[in-house]
Amino acid sequence: MTRRLAEVAKKVGVSEATVSRVLNGKPGVSETTRQAVLSALDVLGYERPTQLRGERARLVGLVLPELQNPIFPAFAEVIGGALAQLGLTPVLCTQTKGGVSEVDYVALLLQQQVSGVVFAGGLYAQADAPHDHYRLLADRNIPVVLVNASIADLGFPGVSCDDTVAVEQAWRHLASLGHERIGLVLGPDDHVPSARKLAAARALGELPDEHVARAMFSIEGGHAAASRLIDRGVTGIICASDPLALGAVRAARRKGLGVPAQVSVVGYDDSAFMNCTEPPLTTVRQPIEAMGRAAVELLNTQIGGGFVTPEELLFEPELVVRGSTAQAPRS
């Protein structure tokens with residue numbers, strides 16, 4: 001008991017006496033502090049006292065696929081801050097290779113009686129991935145919001161950056177610079193946002209299959225995919241994420257080619273420090289602040305018993321032109 005008091009007190013930043021008053025239902029504690037203590041119990045995995053178990057936890061799961069891509073910590077910061085303003089406590093669930101899976105995190109969140117879950121990137125965006133854990137959340141009537149493009153039949157509300165507009169902006173930018181051989185570096189075949197980007201590119205102009213390369217979302221994946229495109233004569237490369245674009249820049253340099261003198265590269269996200277790379281990365285910016293706050297608003301409406309249509313809200317991206325794109329090289 002003493003250890004539990006100490007851990008909870010440290011987590012909340014109050015005295016052990018305050019924690020004890022909350023656990024024993026004594027007066028003299030503000031409602032904000034009381035809720036913070038109860039949330040800390042949930043986060044640390046302690047059972048609430050019997051008389052307090054009827055209250056639903058004010059916890060919200062925030063499930064991210066990784067933290068290496070800076071776009072996901074950026075979403076976590078916005079969503080976590082918006083949740084805190086509503087008195088909800090985010091529980092960050094980040095997958096690691098060989099670690100806890102998304103399916104396992106959902107099971108843990110259900111055990112903690114969470115009020116809802118926000119997924120910002122995950123298996124819902126892959127058509128061939130297992131989706132039973134999402135249906136389990138739906139069966140339990142747990143409020144859920146998905147960020148950035150899910151498969152069609154899950155039935156959850158979502159917020160997404162408009163992939164079609166993003167590719168149109170990037171493609172037209174490269175075309176205006178005289179690039180005729182434009183290639184795409186995308187995610188796996190079953191990745192919904194990548195499929196949307198590919199459809200948008202094909203609607204804009206001629207895009208041979210050999211000008212489309214697939215990769216895992218990493219710098220190394222971008223390097224390998226872009227290397228293949230460069231060997232096929234592509235001079236402008238549109239990438240499905242900023243790390244992929246950084247890999248494309250590295251691929252060009254390893255081949256002795258200048259960026260942007262001989263190969264132009266466009267990223268996607270405008271995540272942290274992309275203006276500090278060499279050259280600074282031209283990229284398509286996701287409106288993270290607006291998307292994150294909209295996701296929390298949708299979730300909070302559901303938590304409060306309100307109805308939310310299972311539709312996807314599309315947010316407008318913005319092309320940010322920096323130093324990684326230039327006029328196409330003369331043949």
# chains A, B, ... in the order shown; residues from 1 in each chain; ligands from 1
$ residues_around --residues "Val265 (chain A)" --least-positions-apart "5" --cutoff "12 Å" --atoms "only C-alpha atoms" --output "VMD selection string"
chain A and resid 170 to 171 173 to 174 179 182 to 185 222 to 223 226 229 to 230 234 to 253 258 to 260 278 to 284 321 to 328
$ select_by_dssp --residues "region 33-231 of chain A" --states "strand (DSSP E or B)" --output "PyMOL selection string"
chain A and resi 59-64+89-94+116-120+126+144-147+158-161+182-186+191+212-214
$ closest_atom_pairs --of "region 154-175 of chain A" --to "region 134-142 of chain A" --cutoff "12 Å" --atoms "only C-alpha atoms" --output "tab-separated table"
residue	atom	partner	partner_atom	distance
A:Leu154	CA	A:Arg135	CA	7.4
A:Gly155	CA	A:Ala138	CA	8.6
A:Phe156	CA	A:Ala138	CA	8.4
A:Pro157	CA	A:Ala138	CA	11.7
$ residues_around --residues "Gln68 (chain A)" --least-positions-apart "2" --cutoff "12 Å" --atoms "only C-alpha atoms" --output "mmCIF file with N, CA and C atoms, in the first residue's frame"
data_model
loop_
_atom_site.group_PDB
_atom_site.id
_atom_site.type_symbol
_atom_site.label_atom_id
_atom_site.label_comp_id
_atom_site.auth_asym_id
_atom_site.auth_seq_id
_atom_site.Cartn_x
_atom_site.Cartn_y
_atom_site.Cartn_z
ATOM 1 N N LEU A 64 0.127 4.622 -31.816
ATOM 2 C CA LEU A 64 0.996 5.069 -32.906
ATOM 3 C C LEU A 64 1.834 3.895 -33.403
ATOM 4 N N PRO A 65 2.146 3.861 -34.701
ATOM 5 C CA PRO A 65 2.937 2.742 -35.222
ATOM 6 C C PRO A 65 4.418 2.845 -34.881
ATOM 7 N N GLU A 66 4.904 4.063 -34.628
ATOM 8 C CA GLU A 66 6.336 4.254 -34.348
ATOM 9 C C GLU A 66 6.547 5.684 -33.870
ATOM 10 N N PRO A 70 9.121 11.620 -37.375
ATOM 11 C CA PRO A 70 8.719 12.723 -36.497
ATOM 12 C C PRO A 70 7.276 13.175 -36.661
ATOM 13 N N ILE A 71 6.577 12.720 -37.686
ATOM 14 C CA ILE A 71 5.171 13.111 -37.843
ATOM 15 C C ILE A 71 4.327 12.522 -36.726
ATOM 16 N N PHE A 72 4.692 11.346 -36.211
ATOM 17 C CA PHE A 72 3.873 10.706 -35.185
ATOM 18 C C PHE A 72 4.030 11.361 -33.808
ATOM 19 N N PRO A 73 5.240 11.712 -33.358
ATOM 20 C CA PRO A 73 5.319 12.518 -32.131
ATOM 21 C C PRO A 73 4.594 13.859 -32.263
ATOM 22 N N ALA A 74 4.588 14.429 -33.465
ATOM 23 C CA ALA A 74 3.879 15.691 -33.671
ATOM 24 C C ALA A 74 2.377 15.498 -33.474
ATOM 25 N N THR A 94 2.951 2.779 -28.318
ATOM 26 C CA THR A 94 3.818 2.825 -29.487
ATOM 27 C C THR A 94 4.367 1.445 -29.779
ATOM 28 N N GLN A 95 4.206 1.028 -31.019
ATOM 29 C CA GLN A 95 4.689 -0.296 -31.401
ATOM 30 C C GLN A 95 6.194 -0.266 -31.675
ATOM 31 N N THR A 96 6.846 -1.354 -31.335
ATOM 32 C CA THR A 96 8.258 -1.520 -31.655
ATOM 33 C C THR A 96 8.437 -2.903 -32.271
ATOM 34 N N LYS A 97 9.459 -3.041 -33.092
ATOM 35 C CA LYS A 97 9.700 -4.333 -33.728
ATOM 36 C C LYS A 97 9.975 -5.394 -32.677
ATOM 37 N N PHE A 217 8.288 2.296 -44.850
ATOM 38 C CA PHE A 217 8.400 3.714 -44.514
ATOM 39 C C PHE A 217 9.631 3.964 -43.635
ATOM 40 N N SER A 218 10.762 4.183 -44.289
ATOM 41 C CA SER A 218 12.015 4.457 -43.586
ATOM 42 C C SER A 218 12.977 5.122 -44.555
ATOM 43 N N ILE A 219 14.050 5.692 -44.037
ATOM 44 C CA ILE A 219 15.077 6.288 -44.892
ATOM 45 C C ILE A 219 15.697 5.215 -45.779
ATOM 46 N N ASP A 242 8.310 12.042 -45.460
ATOM 47 C CA ASP A 242 9.586 12.762 -45.427
ATOM 48 C C ASP A 242 10.785 11.827 -45.253
ATOM 49 N N PRO A 243 10.714 10.805 -44.365
ATOM 50 C CA PRO A 243 11.857 9.880 -44.295
ATOM 51 C C PRO A 243 12.151 9.198 -45.631
ATOM 52 N N SER A 271 7.386 17.255 -41.565
ATOM 53 C CA SER A 271 7.660 16.957 -40.173
ATOM 54 C C SER A 271 8.856 17.768 -39.686
ATOM 55 N N ALA A 272 9.152 17.632 -38.405
ATOM 56 C CA ALA A 272 10.172 18.464 -37.761
ATOM 57 C C ALA A 272 11.525 18.373 -38.465
#
$ closest_residue --among "A:Phe315, A:Val212, A:Gln112, A:Gly304" --to "Ala199 (chain A)" --atoms "only C-alpha atoms"
A:Val212
$ atom_distance --atom1 "CA of Ala17 (chain A)" --atom2 "CA of Ser30 (chain A)"
13.6 Å
$ residues_around --residues "Gln126 (chain A)" --least-positions-apart "3" --cutoff "7 Å" --atoms "only C-alpha atoms" --output "NGL selection string"
:A and (123 or 129 or 151 or 190-192)
$ closest_residue --among "A:Asp42, A:Asp270, A:Glu210, A:Glu289" --to "Arg228 (chain A)" --atoms "only C-alpha atoms"
A:Glu210
$ residues_around --residues "Gly116 (chain A)" --least-positions-apart "3" --cutoff "12 Å" --atoms "only C-alpha atoms" --output "PDB file with N, CA and C atoms, in the first residue's frame"
ATOM      1  N   ARG A  56     -16.094   5.299 -14.743  1.00  0.00           N
ATOM      2  CA  ARG A  56     -15.332   4.925 -15.933  1.00  0.00           C
ATOM      3  C   ARG A  56     -14.033   5.709 -15.973  1.00  0.00           C
ATOM      4  N   ALA A  57     -12.969   5.052 -16.351  1.00  0.00           N
ATOM      5  CA  ALA A  57     -11.663   5.712 -16.421  1.00  0.00           C
ATOM      6  C   ALA A  57     -11.700   6.833 -17.451  1.00  0.00           C
ATOM      7  N   ARG A  58     -11.035   7.929 -17.141  1.00  0.00           N
ATOM      8  CA  ARG A  58     -10.943   9.060 -18.068  1.00  0.00           C
ATOM      9  C   ARG A  58      -9.672   8.918 -18.902  1.00  0.00           C
ATOM     10  N   LEU A  59      -9.423   7.709 -19.350  1.00  0.00           N
ATOM     11  CA  LEU A  59      -8.237   7.420 -20.146  1.00  0.00           C
ATOM     12  C   LEU A  59      -8.608   7.286 -21.614  1.00  0.00           C
ATOM     13  N   VAL A  60      -7.707   7.746 -22.471  1.00  0.00           N
ATOM     14  CA  VAL A  60      -7.883   7.577 -23.915  1.00  0.00           C
ATOM     15  C   VAL A  60      -6.607   6.980 -24.482  1.00  0.00           C
ATOM     16  N   GLY A  61      -6.736   5.866 -25.188  1.00  0.00           N
ATOM     17  CA  GLY A  61      -5.577   5.269 -25.839  1.00  0.00           C
ATOM     18  C   GLY A  61      -5.181   6.066 -27.066  1.00  0.00           C
ATOM     19  N   LEU A  62      -3.895   6.325 -27.210  1.00  0.00           N
ATOM     20  CA  LEU A  62      -3.350   6.973 -28.410  1.00  0.00           C
ATOM     21  C   LEU A  62      -2.341   6.005 -29.003  1.00  0.00           C
ATOM     22  N   VAL A  63      -2.739   5.328 -30.074  1.00  0.00           N
ATOM     23  CA  VAL A  63      -1.946   4.238 -30.637  1.00  0.00           C
ATOM     24  C   VAL A  63      -1.199   4.729 -31.863  1.00  0.00           C
ATOM     25  N   LEU A  83      -6.599  16.439 -25.601  1.00  0.00           N
ATOM     26  CA  LEU A  83      -7.264  15.546 -24.646  1.00  0.00           C
ATOM     27  C   LEU A  83      -7.140  16.083 -23.225  1.00  0.00           C
ATOM     28  N   LEU A  88      -9.103  14.547 -20.125  1.00  0.00           N
ATOM     29  CA  LEU A  88      -8.843  13.156 -20.495  1.00  0.00           C
ATOM     30  C   LEU A  88      -7.345  12.892 -20.482  1.00  0.00           C
ATOM     31  N   THR A  89      -6.962  11.706 -20.068  1.00  0.00           N
ATOM     32  CA  THR A  89      -5.541  11.360 -19.956  1.00  0.00           C
ATOM     33  C   THR A  89      -5.144  10.424 -21.090  1.00  0.00           C
ATOM     34  N   PRO A  90      -4.216  10.876 -21.961  1.00  0.00           N
ATOM     35  CA  PRO A  90      -3.780   9.990 -23.049  1.00  0.00           C
ATOM     36  C   PRO A  90      -2.846   8.896 -22.548  1.00  0.00           C
ATOM     37  N   VAL A  91      -3.062   7.700 -23.051  1.00  0.00           N
ATOM     38  CA  VAL A  91      -2.160   6.572 -22.775  1.00  0.00           C
ATOM     39  C   VAL A  91      -1.459   6.247 -24.083  1.00  0.00           C
ATOM     40  N   VAL A 106      -4.636  -3.010 -27.898  1.00  0.00           N
ATOM     41  CA  VAL A 106      -6.091  -2.896 -27.802  1.00  0.00           C
ATOM     42  C   VAL A 106      -6.603  -3.723 -26.622  1.00  0.00           C
ATOM     43  N   LEU A 109      -5.796  -1.857 -23.449  1.00  0.00           N
ATOM     44  CA  LEU A 109      -6.647  -0.670 -23.284  1.00  0.00           C
ATOM     45  C   LEU A 109      -8.046  -1.064 -22.833  1.00  0.00           C
ATOM     46  N   LEU A 110      -8.553  -2.160 -23.350  1.00  0.00           N
ATOM     47  CA  LEU A 110      -9.868  -2.630 -22.916  1.00  0.00           C
ATOM     48  C   LEU A 110      -9.842  -3.040 -21.444  1.00  0.00           C
ATOM     49  N   GLN A 112      -8.075  -1.663 -19.210  1.00  0.00           N
ATOM     50  CA  GLN A 112      -8.022  -0.424 -18.433  1.00  0.00           C
ATOM     51  C   GLN A 112      -9.314   0.380 -18.513  1.00  0.00           C
ATOM     52  N   GLN A 113     -10.323  -0.158 -19.217  1.00  0.00           N
ATOM     53  CA  GLN A 113     -11.630   0.499 -19.349  1.00  0.00           C
ATOM     54  C   GLN A 113     -11.488   1.913 -19.906  1.00  0.00           C
ATOM     55  N   PHE A 119      -6.363   6.217 -33.161  1.00  0.00           N
ATOM     56  CA  PHE A 119      -5.276   5.562 -33.889  1.00  0.00           C
ATOM     57  C   PHE A 119      -4.716   6.555 -34.901  1.00  0.00           C
ATOM     58  N   LEU A 137     -13.406  -3.490 -30.645  1.00  0.00           N
ATOM     59  CA  LEU A 137     -13.702  -2.166 -30.082  1.00  0.00           C
ATOM     60  C   LEU A 137     -15.118  -1.721 -30.452  1.00  0.00           C
ATOM     61  N   ALA A 138     -15.500  -1.980 -31.696  1.00  0.00           N
ATOM     62  CA  ALA A 138     -16.843  -1.607 -32.135  1.00  0.00           C
ATOM     63  C   ALA A 138     -17.907  -2.395 -31.370  1.00  0.00           C
ATOM     64  N   ARG A 140     -17.722  -3.498 -28.415  1.00  0.00           N
ATOM     65  CA  ARG A 140     -17.783  -3.002 -27.035  1.00  0.00           C
ATOM     66  C   ARG A 140     -18.293  -1.558 -26.964  1.00  0.00           C
ATOM     67  N   ASN A 141     -18.620  -0.990 -28.124  1.00  0.00           N
ATOM     68  CA  ASN A 141     -19.090   0.406 -28.191  1.00  0.00           C
ATOM     69  C   ASN A 141     -18.066   1.397 -27.651  1.00  0.00           C
ATOM     70  N   ILE A 142     -16.785   1.117 -27.885  1.00  0.00           N
ATOM     71  CA  ILE A 142     -15.719   2.041 -27.484  1.00  0.00           C
ATOM     72  C   ILE A 142     -15.578   3.101 -28.570  1.00  0.00           C
ATOM     73  N   PRO A 143     -15.650   4.382 -28.221  1.00  0.00           N
ATOM     74  CA  PRO A 143     -15.437   5.434 -29.218  1.00  0.00           C
ATOM     75  C   PRO A 143     -14.048   5.335 -29.837  1.00  0.00           C
ATOM     76  N   VAL A 144     -13.984   5.430 -31.156  1.00  0.00           N
ATOM     77  CA  VAL A 144     -12.720   5.316 -31.886  1.00  0.00           C
ATOM     78  C   VAL A 144     -12.681   6.378 -32.980  1.00  0.00           C
ATOM     79  N   VAL A 145     -11.499   6.957 -33.195  1.00  0.00           N
ATOM     80  CA  VAL A 145     -11.268   7.856 -34.335  1.00  0.00           C
ATOM     81  C   VAL A 145      -9.967   7.424 -35.005  1.00  0.00           C
ATOM     82  N   LEU A 146      -9.978   7.394 -36.334  1.00  0.00           N
ATOM     83  CA  LEU A 146      -8.809   6.998 -37.112  1.00  0.00           C
ATOM     84  C   LEU A 146      -8.226   8.217 -37.822  1.00  0.00           C
ATOM     85  N   PHE A 156     -15.600   3.487 -38.640  1.00  0.00           N
ATOM     86  CA  PHE A 156     -15.239   4.493 -37.642  1.00  0.00           C
ATOM     87  C   PHE A 156     -15.088   5.861 -38.308  1.00  0.00           C
ATOM     88  N   ALA A 295      -9.830  15.299 -34.555  1.00  0.00           N
ATOM     89  CA  ALA A 295      -9.916  13.912 -34.084  1.00  0.00           C
ATOM     90  C   ALA A 295     -10.394  13.857 -32.638  1.00  0.00           C
ATOM     91  N   VAL A 296      -9.842  14.736 -31.800  1.00  0.00           N
ATOM     92  CA  VAL A 296     -10.241  14.761 -30.389  1.00  0.00           C
ATOM     93  C   VAL A 296     -11.688  15.220 -30.240  1.00  0.00           C
ATOM     94  N   GLU A 297     -12.105  16.180 -31.049  1.00  0.00           N
ATOM     95  CA  GLU A 297     -13.494  16.648 -30.995  1.00  0.00           C
ATOM     96  C   GLU A 297     -14.464  15.524 -31.364  1.00  0.00           C
ATOM     97  N   LEU A 298     -14.125  14.767 -32.411  1.00  0.00           N
ATOM     98  CA  LEU A 298     -14.960  13.631 -32.795  1.00  0.00           C
ATOM     99  C   LEU A 298     -15.025  12.590 -31.678  1.00  0.00           C
ATOM    100  N   LEU A 299     -13.879  12.341 -31.053  1.00  0.00           N
ATOM    101  CA  LEU A 299     -13.839  11.346 -29.981  1.00  0.00           C
ATOM    102  C   LEU A 299     -14.649  11.816 -28.779  1.00  0.00           C
ATOM    103  N   ASN A 300     -14.471  13.065 -28.401  1.00  0.00           N
ATOM    104  CA  ASN A 300     -15.160  13.589 -27.213  1.00  0.00           C
ATOM    105  C   ASN A 300     -16.669  13.608 -27.414  1.00  0.00           C
ATOM    106  N   THR A 301     -17.112  13.884 -28.623  1.00  0.00           N
ATOM    107  CA  THR A 301     -18.547  13.844 -28.915  1.00  0.00           C
ATOM    108  C   THR A 301     -19.094  12.439 -28.681  1.00  0.00           C
ATOM    109  N   GLN A 302     -18.348  11.436 -29.128  1.00  0.00           N
ATOM    110  CA  GLN A 302     -18.778  10.056 -28.920  1.00  0.00           C
ATOM    111  C   GLN A 302     -18.779   9.683 -27.440  1.00  0.00           C
ATOM    112  N   ILE A 303     -17.738  10.113 -26.721  1.00  0.00           N
ATOM    113  CA  ILE A 303     -17.648   9.808 -25.289  1.00  0.00           C
ATOM    114  C   ILE A 303     -18.836  10.405 -24.546  1.00  0.00           C
ATOM    115  N   GLY A 304     -19.260  11.592 -24.987  1.00  0.00           N
ATOM    116  CA  GLY A 304     -20.398  12.251 -24.354  1.00  0.00           C
ATOM    117  C   GLY A 304     -21.742  11.707 -24.784  1.00  0.00           C
ATOM    118  N   GLY A 305     -21.746  10.671 -25.610  1.00  0.00           N
ATOM    119  CA  GLY A 305     -22.995  10.061 -26.028  1.00  0.00           C
ATOM    120  C   GLY A 305     -23.585  10.640 -27.287  1.00  0.00           C
TER     121      GLY A 305
END
$ atom_distance --atom1 "CA of Tyr124 (chain A)" --atom2 "CA of Phe273 (chain A)"
28.1 Å
$ atom_distance --atom1 "CA of Gly158 (chain A)" --atom2 "CA of Val266 (chain A)"
25.9 Å
$ select_by_dssp --residues "region 33-185 of chain A" --states "helix (DSSP H, G or I)" --output "PyMOL selection string"
chain A and resi 33-44+50-52+71-85+102-111+123-125+132-139+163-176
$ write_last_selection --atoms "C-alpha atoms" --output "short mmCIF file (atom, residue, chain, number, x, y, z; two decimals), in the first residue's frame"
data_model
loop_
_atom_site.label_atom_id
_atom_site.label_comp_id
_atom_site.auth_asym_id
_atom_site.auth_seq_id
_atom_site.Cartn_x
_atom_site.Cartn_y
_atom_site.Cartn_z
CA THR A 33 -6.68 16.40 -8.36
CA ARG A 34 -9.07 13.57 -7.60
CA GLN A 35 -9.43 12.70 -11.29
CA ALA A 36 -5.66 12.93 -11.76
CA VAL A 37 -5.07 10.45 -8.92
CA LEU A 38 -7.65 8.01 -10.30
CA SER A 39 -6.13 8.28 -13.79
CA ALA A 40 -2.66 7.63 -12.33
CA LEU A 41 -3.97 4.46 -10.68
CA ASP A 42 -5.23 3.28 -14.07
CA VAL A 43 -2.01 4.16 -15.88
CA LEU A 44 0.16 2.42 -13.27
CA THR A 50 -14.09 -0.96 -4.62
CA GLN A 51 -16.22 2.14 -4.01
CA LEU A 52 -14.59 3.92 -6.97
CA ILE A 71 5.17 13.11 -37.84
CA PHE A 72 3.87 10.71 -35.19
CA PRO A 73 5.32 12.52 -32.13
CA ALA A 74 3.88 15.69 -33.67
CA PHE A 75 0.41 14.13 -33.82
CA ALA A 76 0.86 12.79 -30.28
CA GLU A 77 1.70 16.27 -28.97
CA VAL A 78 -1.37 17.88 -30.56
CA ILE A 79 -3.81 15.10 -29.68
CA GLY A 80 -2.42 14.64 -26.17
CA GLY A 81 -2.69 18.37 -25.46
CA ALA A 82 -6.26 18.55 -26.76
CA LEU A 83 -7.26 15.55 -24.65
CA ALA A 84 -5.71 17.06 -21.52
CA GLN A 85 -7.72 20.25 -22.03
CA GLU A 102 -1.36 -3.15 -31.99
CA VAL A 103 -3.65 -6.09 -31.22
CA ASP A 104 -2.03 -6.49 -27.77
CA TYR A 105 -2.36 -2.77 -27.06
CA VAL A 106 -6.09 -2.90 -27.80
CA ALA A 107 -6.48 -5.77 -25.32
CA LEU A 108 -4.57 -3.80 -22.66
CA LEU A 109 -6.65 -0.67 -23.28
CA LEU A 110 -9.87 -2.63 -22.92
CA GLN A 111 -8.60 -4.00 -19.59
CA LEU A 123 -3.21 -1.63 -39.45
CA TYR A 124 -6.52 0.04 -40.34
CA ALA A 125 -4.74 1.64 -43.31
CA ASP A 132 -10.50 -8.18 -35.76
CA HIS A 133 -9.27 -5.99 -32.90
CA TYR A 134 -11.03 -2.97 -34.41
CA ARG A 135 -14.26 -4.92 -34.60
CA LEU A 136 -13.78 -5.88 -30.96
CA LEU A 137 -13.70 -2.17 -30.08
CA ALA A 138 -16.84 -1.61 -32.14
CA ASP A 139 -18.62 -4.52 -30.43
CA ASP A 163 -3.87 12.52 -50.62
CA THR A 164 -5.28 13.45 -54.02
CA VAL A 165 -4.66 17.16 -53.50
CA ALA A 166 -1.21 16.44 -52.04
CA VAL A 167 -0.07 14.57 -55.15
CA GLU A 168 -1.62 17.15 -57.45
CA GLN A 169 0.36 19.90 -55.71
CA ALA A 170 3.64 17.96 -55.85
CA TRP A 171 3.17 16.74 -59.44
CA ARG A 172 2.24 20.16 -60.83
CA HIS A 173 5.18 21.73 -59.03
CA LEU A 174 7.62 19.31 -60.65
CA ALA A 175 5.91 19.63 -64.04
CA SER A 176 6.15 23.43 -63.84
#
$ closest_residue --among "A:Ala213, A:Pro310, A:Ala294, A:Glu180" --to "Arg330 (chain A)" --atoms "only C-alpha atoms"
A:Glu180
